[in-house]
Structure formats: C-alpha cells, structure tokens
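Visitor: This is the structure I have questions about; it appears just below.
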Amino acid sequence: MARRVTPGAKKAARNVVLTAAIAGLGGLLFGYDTGVIAGALLFIKPDFHLSSFEASMVVAAVPLGAVAGAALSGPISDGRGRRETIIGSAIVFAAGALVSAAAQDVAVLTIARVVIGVAIGLASAAAPVYISEVAPPELRGRLVSFFQLAVTIGILSAYLVGLAFAPSEAWRWMLGLGAVPALILGIGMLRMPQSPRWLLMAGREYAARAVLERIRPDDPDTIEQEIVEIQSTLEGKPAGWRELLAPVARAALFVGVGLAILQQISGINTVIYYAPTIVKFTGIGSSSSAILASVGVGVINVGMTVVALRYLDKWGRRPLLIGGSIVMALALAALGGVFAAGAQGTGGSVIAILALMTYVAAFAISLGPIFWLLNAEIYPLPVRSKAAGVGTMNNWTFNFIVSLTFLPLIAAAGRSTTFFIYAGICVFTVIFCWKFVPETKGTTLEEIEDIFKERAGVSGEHAVASTH
C-alpha cells in the first residue's frame with residue numbers, strides 16, 4: 001500500500017520548493033546580466049565610441065567583480081548568514097544595474113558593472129549553498145540544479161529583452177531592467193527562513209528547529225534526527241588552507257581547477273557575450289536580426305541544460321564530457337571555416353548560426369553543468385568547501401581573461417584563426433578528460449576519495465591531512 005501523504009507533508013514540500021525557487025532567482029540575475037550585455041554592446045559601442053579594448057573591459061568588468069564577490073561570500077555567509085548574503089547581493093545588483101543604465105561615460109559604466117559582478121559573485125556562491133541546506137535529501141539534487149537552470153533562463157530572458165529594445169537601440173533599458181528581478185529576489189528572500197544549518201552553526205538551535213518544522217513533514221522524530229545529524233557534522237575543526245597541499249587534495253584539485261579553466265578558455269563566454277557580434281561578422285547588417293539569432297542560441301542553452309540534468313546520472317560524466325568536447329571542437333572549426341572561406345550573406349550566416357547552436361548544445365550537456373557537479377563532489381570532505389572555492393575562483397578569473405581578450409584577439413589574429421584556436425583548446429579538453437577525469441556516476445563520495453588516494457599513492461585516514 002502506498003504511504004499516505006499528509007497535508008502537513010504537502011505543505012512542507014511546497015514551502016521548501018518555494019524557498020528554493022526564490023533563492024534560485026540568484027541564478028536568474030547571473031544569467032540575465034551575462035546575456036544582456038550581448039545585445040546592449042551593439043549600441044553602447046557606437047554611443048561611447050569604444051575601442052575593442054574598452055568594449056572588452058565593459059564585458060569583462062562583471063567576471064572581474066565576481067571574483068571578488070566569490071572571495072567575500074564565504075566569510076559573509078558564515079558571519080551574517082546565507083539568506084542575508086543573498087539579500088545583500090540583490091540590493092547591490094539592483095544598484096549596479098540602475099547606475100549602469102544611467103552611466104554617461106565608459107568609466108562609470110565599467111565601475112557599475114564591476115559592482116554588478118560583486119553581487120553576482122556573492123549570489124552564485126551563496127544561493128546554491130542556501131538551497132542545499134534547506135532542501136531534504138531526496139530533493140536536494142533537483143532543487144540545487146534549479147539554480148543552474150535559472151542561469152540559462154536568465155540568459156535567454158536577456159536575449160529576449162535585447163530583441164524587444166533593439167529597434168529603438170535602448171541599451172539603457174536593457175541594463176536597467178536587471179534591477180527588477182533583483183528587487184523580486186531581495187523582497188522574496190525577506191520572507192524566506194534562515195538556513196537551519198547556519199542557525200545551528202551560530203548556536204541558535206531553537207530557531208533552527210522552528211525552520212525545520214516549516215520545511216519538513218510534520219514529524220518531530222524526523223526533525224530531531226536531522227538536527228542531530230547536522231550537529232554531528234559540526235564537530236571537530238575544519239581543515240585549513242594548508243591541507244589543500246595534501247597529496248589527495250592536490251590530485252583532486254588538478255582535475256577541478258583544470259576543468260574550471262578549460263570550461264572558460266574553450267570559448268563559451270565569447271558566444272554568450274558576443275553572439276550577436278559574431279553573427280554580424282557573417283554579413284547580417286541588422287542588429288535586430290543578429291539578436292534574434294542569439295535568442296535561438298539561448299533557447300538551445302536552456303533546452304540542452306534540461307537534457308543534461310536528466311541524463312547526467314544515466315550516461316555518466318566522462319562520456320558526456322568527452323563527446324560534448326568533440327562536438328564543440330567540430331562546431332568551432334566549422335565557424336572558423338566560414339570566416340576563412342570569406343562566406344558572407346545568407347549561406348555564411350546560416351552555417352555560422354548552426355555552428356553556434358551546435359556548440360552551445362554540446363557545451364550545455366558537457367562542460368557547462370559537469371564542471372560544477374565535479375567541483376562539488378571530487379574533493380575530500382575536510383577540504384571540500386575550500387577546494388570548491390578555489391575551483392570557482394579560477395573559473396571566474398578565466399571568465400574575465402577570455403572576456404577581456406576575445407575582441408582584441410579577433411583584431412590581432414583574425415576571425416578564422418581565433419575560432420580555430422578555441423577549437424584546438426576543445427581538442428585538448430578531450431585529451432584532458434580522457435586521461436585525468438574519473439567516472440563518478442553511481443559512486444559514493446568516499447569511493448571518489450579512494451580514486452584520488454590511489455592516484456596520489458597514499459592511503460589511510462591521514463592521507464588528506466598530511467602535506468608531506
């Protein structure tokens with residue numbers, strides 16, 4: 001007989017889903033600003049008479065700020081709480097969006113976008129942690145994945161906003177509208193509970209119990225058991241930064257940091273940030289048509305991310321990483337071929353748009369989600385949070401570098417050579433994944449740790465702690 005679901009259990013499930021959905025809007029902010037600059041840049045550049053380097057700085061300001069935001073998120077989240085960190089990020093984002101919309105010169109615009117980046121760095125680190133800490137074990141994966149899906153939805157929304165305002169070239173509205181979801185996030189989070197784990201870390205057991213009663217089925221024994229389990233994880237001193245030099249941690253960081261860098265230097269943000277610009281390279285003269293083509297890229301990104309979330313645990317990480325990287329290389333080579341052949345007009349544009357969509361589809365089922373997944377599961381427990389932070393910092397750092405160098409690289413090396421370089425990096429990614437990335441499908445975290453112990457040639461309980 002099926003177990004009867006009580007009204008209290010249904011209410012608790014609704015509460016936790018609503019809580020995760022509101023916090024997931026942090027991903028929407030991340031995605032919206034990532035995508036909106038793609039369309040806005042077409043009109044900002046002539047308005048401010050920007051050079052290629054200045055245009056790149058406007059784009060790269062956000063990932064630069066996000067590096068700082070990600071670095072600040074840990075201590076702020078531990079000191080003030082995950083919820084307050086997300087609320088703070090929403091306020092900072094809204095302020096940055098409004099200032100960027102009102103900017104009268106490139107210096108103010110760039111500074112405003114650095115501020116937006118700080119907010120995105122805060123949200124991208126704090127929101128997934130908050131969702132994971134309020135979600136029950138049976139829903140955690142699905143609910144945390146909502147953040148990543150929200151990123152792709154945010155990118156698509158930004159493309160649609162860009163399409164709507166392209167005829168009037170109203171780039172200020174494109175940027176300023178980012179304040180709307182930020183305010184919704186901030187106001188929504190005011191009604192959300194604190195993370196019960198953070199409350200217990202702060203010694204506020206009574207408040208933690210009250211939160212769990214709101215987001216868990218009406219079962220005192222279950223709530224008490226969860227409190228005991230959380231408190232047991234708080235016992236003992238967490239590993240320090242020095243432990244990242246231990247053999248097992250180093251072996252795992254080689255994979256995590258390697259994927260963090262390769263995810264960025266394989267060219268994804270050149271497509272996300274500059275999709276309309278790339279399409280215009282093929283001879284499409286209309287900015288609206290170029291932005292419309294980028295909307296198709298955004299739709300593919302959302303759809304294939306949904307596919308990835310469904311099949312990651314069925315097909316495995318390695319096959320998706322290797323297969324996706326091969327397709328990415330082929331798509332970028334085709335794009336480079338279009339420019340090498342001097343193809344202009346309808347034929348060249350069609351091939352370029354198909355290549356872009358194929359590339360994004362392959363990224364969305366491989367390097368896109370799988371880096372973040374592996375970055376959360378391959379590190380030994382004592383150093384997991386710090387090691388994952390190192391991976392995230394490297395990801396944002398190389399996001400900044402690629403964003404800053406794309407247009408100057410086009411100017412220096414030419415369009416075809418630039419995309420052939422990115423294709424070559426994707427080939428290197430295939431080799432890296434084949435040689436170094438383990439298959440973690442269906443394995444426990446402890447079994448993953450054993451893989452890296454074997455690689456490091458160490459064993460025993462002190463394998464992680466020792467730095468010798």
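Identifiers in the structure tokens: chain A, B, ... in order shown; residue index from 1 per chain; ligand index from 1 in order shown.
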Just the helix (DSSP H, G or I) stuff from stretch 164-259 of chain A, please, per backbone DSSP, written as a PyMOL selection string.

Guide: chain A and resi 164-165+171-176+179-190+196-201+205-215+220-233+241-245+247-259

Visitor: Set the distance at 8 Å and use only C-alpha atoms: which residues neighbour A:Ala13 once local chain neighbours fewer than 3 positions away are removed? I'd like the list as JSON, numbers by chain.

Guide: {"A": [9, 10, 16, 17, 215, 216, 217]}

Visitor: If you count only C-alpha atoms, which residues fall within 9 Å of A:Leu320, apart from same-chain ones fewer than 5 positions away, as a ChimeraX atom specification?

Guide: /A:308,312,315,325,362,365-367,370

Visitor: Take the residues from that selection and put them in a file with all heavy atoms, as a PDB file, in the first residue's frame.

Guide:
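Here's the written file selection.pdb:
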ATOM      1  N   ALA A 308      20.736  17.638 -19.917  1.00  0.00           N
ATOM      2  CA  ALA A 308      21.904  17.255 -19.120  1.00  0.00           C
ATOM      3  C   ALA A 308      21.502  16.881 -17.699  1.00  0.00           C
ATOM      4  O   ALA A 308      21.970  15.866 -17.151  1.00  0.00           O
ATOM      5  CB  ALA A 308      22.921  18.393 -19.091  1.00  0.00           C
ATOM      6  N   LEU A 312      22.647  13.072 -16.669  1.00  0.00           N
ATOM      7  CA  LEU A 312      23.979  13.010 -16.084  1.00  0.00           C
ATOM      8  C   LEU A 312      24.229  11.711 -15.334  1.00  0.00           C
ATOM      9  O   LEU A 312      25.292  11.101 -15.444  1.00  0.00           O
ATOM     10  CB  LEU A 312      24.190  14.201 -15.140  1.00  0.00           C
ATOM     11  CG  LEU A 312      24.788  15.466 -15.747  1.00  0.00           C
ATOM     12  CD1 LEU A 312      24.735  16.603 -14.751  1.00  0.00           C
ATOM     13  CD2 LEU A 312      26.218  15.207 -16.179  1.00  0.00           C
ATOM     14  N   TRP A 315      23.983   8.469 -18.155  1.00  0.00           N
ATOM     15  CA  TRP A 315      25.034   8.257 -19.149  1.00  0.00           C
ATOM     16  C   TRP A 315      26.425   8.389 -18.571  1.00  0.00           C
ATOM     17  O   TRP A 315      27.385   7.876 -19.161  1.00  0.00           O
ATOM     18  CB  TRP A 315      24.857   9.248 -20.300  1.00  0.00           C
ATOM     19  CG  TRP A 315      23.601   9.022 -21.099  1.00  0.00           C
ATOM     20  CD1 TRP A 315      22.810   7.899 -21.089  1.00  0.00           C
ATOM     21  CD2 TRP A 315      22.978   9.936 -22.007  1.00  0.00           C
ATOM     22  NE1 TRP A 315      21.748   8.058 -21.933  1.00  0.00           N
ATOM     23  CE2 TRP A 315      21.813   9.293 -22.511  1.00  0.00           C
ATOM     24  CE3 TRP A 315      23.275  11.219 -22.436  1.00  0.00           C
ATOM     25  CZ2 TRP A 315      20.968   9.909 -23.428  1.00  0.00           C
ATOM     26  CZ3 TRP A 315      22.434  11.827 -23.344  1.00  0.00           C
ATOM     27  CH2 TRP A 315      21.303  11.180 -23.838  1.00  0.00           C
ATOM     28  N   SER A 325      32.838  17.723 -25.802  1.00  0.00           N
ATOM     29  CA  SER A 325      34.022  18.500 -26.198  1.00  0.00           C
ATOM     30  C   SER A 325      34.400  18.241 -27.649  1.00  0.00           C
ATOM     31  O   SER A 325      34.862  19.150 -28.356  1.00  0.00           O
ATOM     32  CB  SER A 325      35.194  18.164 -25.273  1.00  0.00           C
ATOM     33  OG  SER A 325      34.907  18.523 -23.938  1.00  0.00           O
ATOM     34  N   ALA A 362      26.298  21.385 -27.271  1.00  0.00           N
ATOM     35  CA  ALA A 362      27.316  20.457 -26.773  1.00  0.00           C
ATOM     36  C   ALA A 362      27.866  20.917 -25.430  1.00  0.00           C
ATOM     37  O   ALA A 362      28.083  20.105 -24.523  1.00  0.00           O
ATOM     38  CB  ALA A 362      28.447  20.332 -27.802  1.00  0.00           C
ATOM     39  N   ILE A 365      25.493  20.197 -22.380  1.00  0.00           N
ATOM     40  CA  ILE A 365      25.386  18.832 -21.861  1.00  0.00           C
ATOM     41  C   ILE A 365      26.733  18.290 -21.396  1.00  0.00           C
ATOM     42  O   ILE A 365      26.832  17.134 -20.995  1.00  0.00           O
ATOM     43  CB  ILE A 365      24.782  17.855 -22.904  1.00  0.00           C
ATOM     44  CG1 ILE A 365      25.700  17.724 -24.123  1.00  0.00           C
ATOM     45  CG2 ILE A 365      23.393  18.273 -23.295  1.00  0.00           C
ATOM     46  CD1 ILE A 365      25.305  16.587 -25.048  1.00  0.00           C
ATOM     47  N   SER A 366      27.773  19.120 -21.435  1.00  0.00           N
ATOM     48  CA  SER A 366      29.094  18.621 -21.050  1.00  0.00           C
ATOM     49  C   SER A 366      29.793  19.565 -20.081  1.00  0.00           C
ATOM     50  O   SER A 366      29.496  19.548 -18.878  1.00  0.00           O
ATOM     51  CB  SER A 366      29.946  18.373 -22.307  1.00  0.00           C
ATOM     52  OG  SER A 366      30.101  19.549 -23.075  1.00  0.00           O
ATOM     53  N   LEU A 367      30.677  20.402 -20.565  1.00  0.00           N
ATOM     54  CA  LEU A 367      31.467  21.251 -19.680  1.00  0.00           C
ATOM     55  C   LEU A 367      30.609  22.193 -18.846  1.00  0.00           C
ATOM     56  O   LEU A 367      30.976  22.529 -17.719  1.00  0.00           O
ATOM     57  CB  LEU A 367      32.459  22.080 -20.505  1.00  0.00           C
ATOM     58  CG  LEU A 367      33.811  21.438 -20.813  1.00  0.00           C
ATOM     59  CD1 LEU A 367      34.598  22.327 -21.764  1.00  0.00           C
ATOM     60  CD2 LEU A 367      34.603  21.180 -19.546  1.00  0.00           C
ATOM     61  N   ILE A 370      28.772  19.909 -15.941  1.00  0.00           N
ATOM     62  CA  ILE A 370      29.588  18.863 -15.314  1.00  0.00           C
ATOM     63  C   ILE A 370      30.749  19.456 -14.531  1.00  0.00           C
ATOM     64  O   ILE A 370      31.161  18.894 -13.510  1.00  0.00           O
ATOM     65  CB  ILE A 370      30.060  17.831 -16.359  1.00  0.00           C
ATOM     66  CG1 ILE A 370      28.845  17.095 -16.936  1.00  0.00           C
ATOM     67  CG2 ILE A 370      31.023  16.822 -15.749  1.00  0.00           C
ATOM     68  CD1 ILE A 370      29.172  16.109 -18.040  1.00  0.00           C
TER      69      ILE A 370
END

Visitor: Neighbouring residues of stretch 148-156 of chain A were defined as those with any atom within 7 Å, considering only C-alpha atoms; residues of the same chain fewer than 6 positions away were excluded. Please report them as number ranges by chain.

Guide: A: 24-25, 27-32, 34-35, 295, 298-299, 301-302, 305

Visitor: Got a sec: who's within 7 Å of stretch 123-133 of chain A, counting only C-alpha atoms, leaving out chain neighbours fewer than 4 positions off, as a VMD selection string?

Guide: chain A and resid 20 23 to 24 26 to 27 70 73 77 82 85 to 86 89 119 140 143 to 144 147 195 197

Visitor: At a cut-off of 12 Å, using only C-alpha atoms, what residues contact stretch 397-408 of chain A? Leave out same-chain residues fewer than 5 positions from it and give the result as number ranges by chain.

Guide: A: 34, 37-38, 50-71, 114, 117, 121, 257-274, 277-278, 281, 390-392, 413-415, 417-419, 421-422

Visitor: Could those selected residues go to a file with C-alpha atoms, as a PDB file, in the first residue's frame?

Guide:
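Ended up saving to part.pdb:
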ATOM      1  CA  THR A  34      25.684  37.575 -18.636  1.00  0.00           C
ATOM      2  CA  ILE A  37      25.477  42.728 -22.499  1.00  0.00           C
ATOM      3  CA  ALA A  38      25.475  40.700 -25.730  1.00  0.00           C
ATOM      4  CA  LEU A  50      34.545  52.449 -27.679  1.00  0.00           C
ATOM      5  CA  SER A  51      37.713  50.780 -28.895  1.00  0.00           C
ATOM      6  CA  SER A  52      37.856  46.979 -28.948  1.00  0.00           C
ATOM      7  CA  PHE A  53      39.753  47.024 -25.655  1.00  0.00           C
ATOM      8  CA  GLU A  54      37.229  49.366 -23.995  1.00  0.00           C
ATOM      9  CA  ALA A  55      34.322  47.224 -25.210  1.00  0.00           C
ATOM     10  CA  SER A  56      36.058  44.163 -23.797  1.00  0.00           C
ATOM     11  CA  MET A  57      36.544  45.939 -20.453  1.00  0.00           C
ATOM     12  CA  VAL A  58      32.803  46.694 -20.268  1.00  0.00           C
ATOM     13  CA  VAL A  59      32.076  42.994 -20.759  1.00  0.00           C
ATOM     14  CA  ALA A  60      34.914  41.702 -18.568  1.00  0.00           C
ATOM     15  CA  ALA A  61      34.092  44.024 -15.646  1.00  0.00           C
ATOM     16  CA  VAL A  62      31.386  41.651 -14.394  1.00  0.00           C
ATOM     17  CA  PRO A  63      33.535  38.500 -14.087  1.00  0.00           C
ATOM     18  CA  LEU A  64      36.293  40.633 -12.535  1.00  0.00           C
ATOM     19  CA  GLY A  65      33.848  41.809  -9.858  1.00  0.00           C
ATOM     20  CA  ALA A  66      32.527  38.266  -9.477  1.00  0.00           C
ATOM     21  CA  VAL A  67      35.998  37.023  -8.499  1.00  0.00           C
ATOM     22  CA  ALA A  68      35.942  39.486  -5.593  1.00  0.00           C
ATOM     23  CA  GLY A  69      32.319  38.641  -4.741  1.00  0.00           C
ATOM     24  CA  ALA A  70      33.039  34.917  -4.651  1.00  0.00           C
ATOM     25  CA  ALA A  71      36.014  35.543  -2.353  1.00  0.00           C
ATOM     26  CA  VAL A 114      32.234  45.659 -11.507  1.00  0.00           C
ATOM     27  CA  GLY A 117      29.888  41.412 -10.736  1.00  0.00           C
ATOM     28  CA  GLY A 121      29.822  36.504  -7.186  1.00  0.00           C
ATOM     29  CA  VAL A 257      40.949  23.540 -11.456  1.00  0.00           C
ATOM     30  CA  GLY A 258      41.806  22.075 -14.859  1.00  0.00           C
ATOM     31  CA  LEU A 259      38.122  21.776 -15.741  1.00  0.00           C
ATOM     32  CA  ALA A 260      37.419  25.242 -14.302  1.00  0.00           C
ATOM     33  CA  ILE A 261      39.981  26.761 -16.674  1.00  0.00           C
ATOM     34  CA  LEU A 262      39.061  24.641 -19.696  1.00  0.00           C
ATOM     35  CA  GLN A 263      35.357  25.450 -19.288  1.00  0.00           C
ATOM     36  CA  GLN A 264      36.203  29.106 -19.855  1.00  0.00           C
ATOM     37  CA  ILE A 265      39.063  29.022 -22.372  1.00  0.00           C
ATOM     38  CA  SER A 266      37.080  26.691 -24.651  1.00  0.00           C
ATOM     39  CA  GLY A 267      35.215  29.857 -25.629  1.00  0.00           C
ATOM     40  CA  ILE A 268      31.722  29.640 -24.132  1.00  0.00           C
ATOM     41  CA  ASN A 269      31.535  33.241 -22.970  1.00  0.00           C
ATOM     42  CA  THR A 270      32.730  34.541 -26.312  1.00  0.00           C
ATOM     43  CA  VAL A 271      29.483  33.027 -27.610  1.00  0.00           C
ATOM     44  CA  ILE A 272      27.242  34.072 -24.707  1.00  0.00           C
ATOM     45  CA  TYR A 273      28.583  37.635 -24.501  1.00  0.00           C
ATOM     46  CA  TYR A 274      29.228  38.217 -28.195  1.00  0.00           C
ATOM     47  CA  THR A 277      28.503  40.418 -32.718  1.00  0.00           C
ATOM     48  CA  ILE A 278      29.653  37.052 -34.132  1.00  0.00           C
ATOM     49  CA  PHE A 281      30.594  39.246 -38.634  1.00  0.00           C
ATOM     50  CA  VAL A 390      39.485  27.519  -5.403  1.00  0.00           C
ATOM     51  CA  GLY A 391      37.859  25.919  -8.448  1.00  0.00           C
ATOM     52  CA  THR A 392      35.177  28.619  -8.563  1.00  0.00           C
ATOM     53  CA  ALA A 413      44.725  37.133 -35.252  1.00  0.00           C
ATOM     54  CA  GLY A 414      41.619  37.397 -37.403  1.00  0.00           C
ATOM     55  CA  ARG A 415      38.222  35.782 -37.030  1.00  0.00           C
ATOM     56  CA  THR A 417      42.258  31.931 -36.572  1.00  0.00           C
ATOM     57  CA  THR A 418      40.547  32.914 -33.321  1.00  0.00           C
ATOM     58  CA  PHE A 419      37.875  30.245 -33.644  1.00  0.00           C
ATOM     59  CA  ILE A 421      42.368  28.407 -31.559  1.00  0.00           C
ATOM     60  CA  TYR A 422      39.256  27.774 -29.474  1.00  0.00           C
TER      61      TYR A 422
END

Visitor: Mind checking which residues fall within 8 Å of A:Ile227, counting only C-alpha atoms, ignoring those fewer than 4 positions away in the same chain, and posting them as a PyMOL selection string?

Guide: chain A and resi 209+223+231
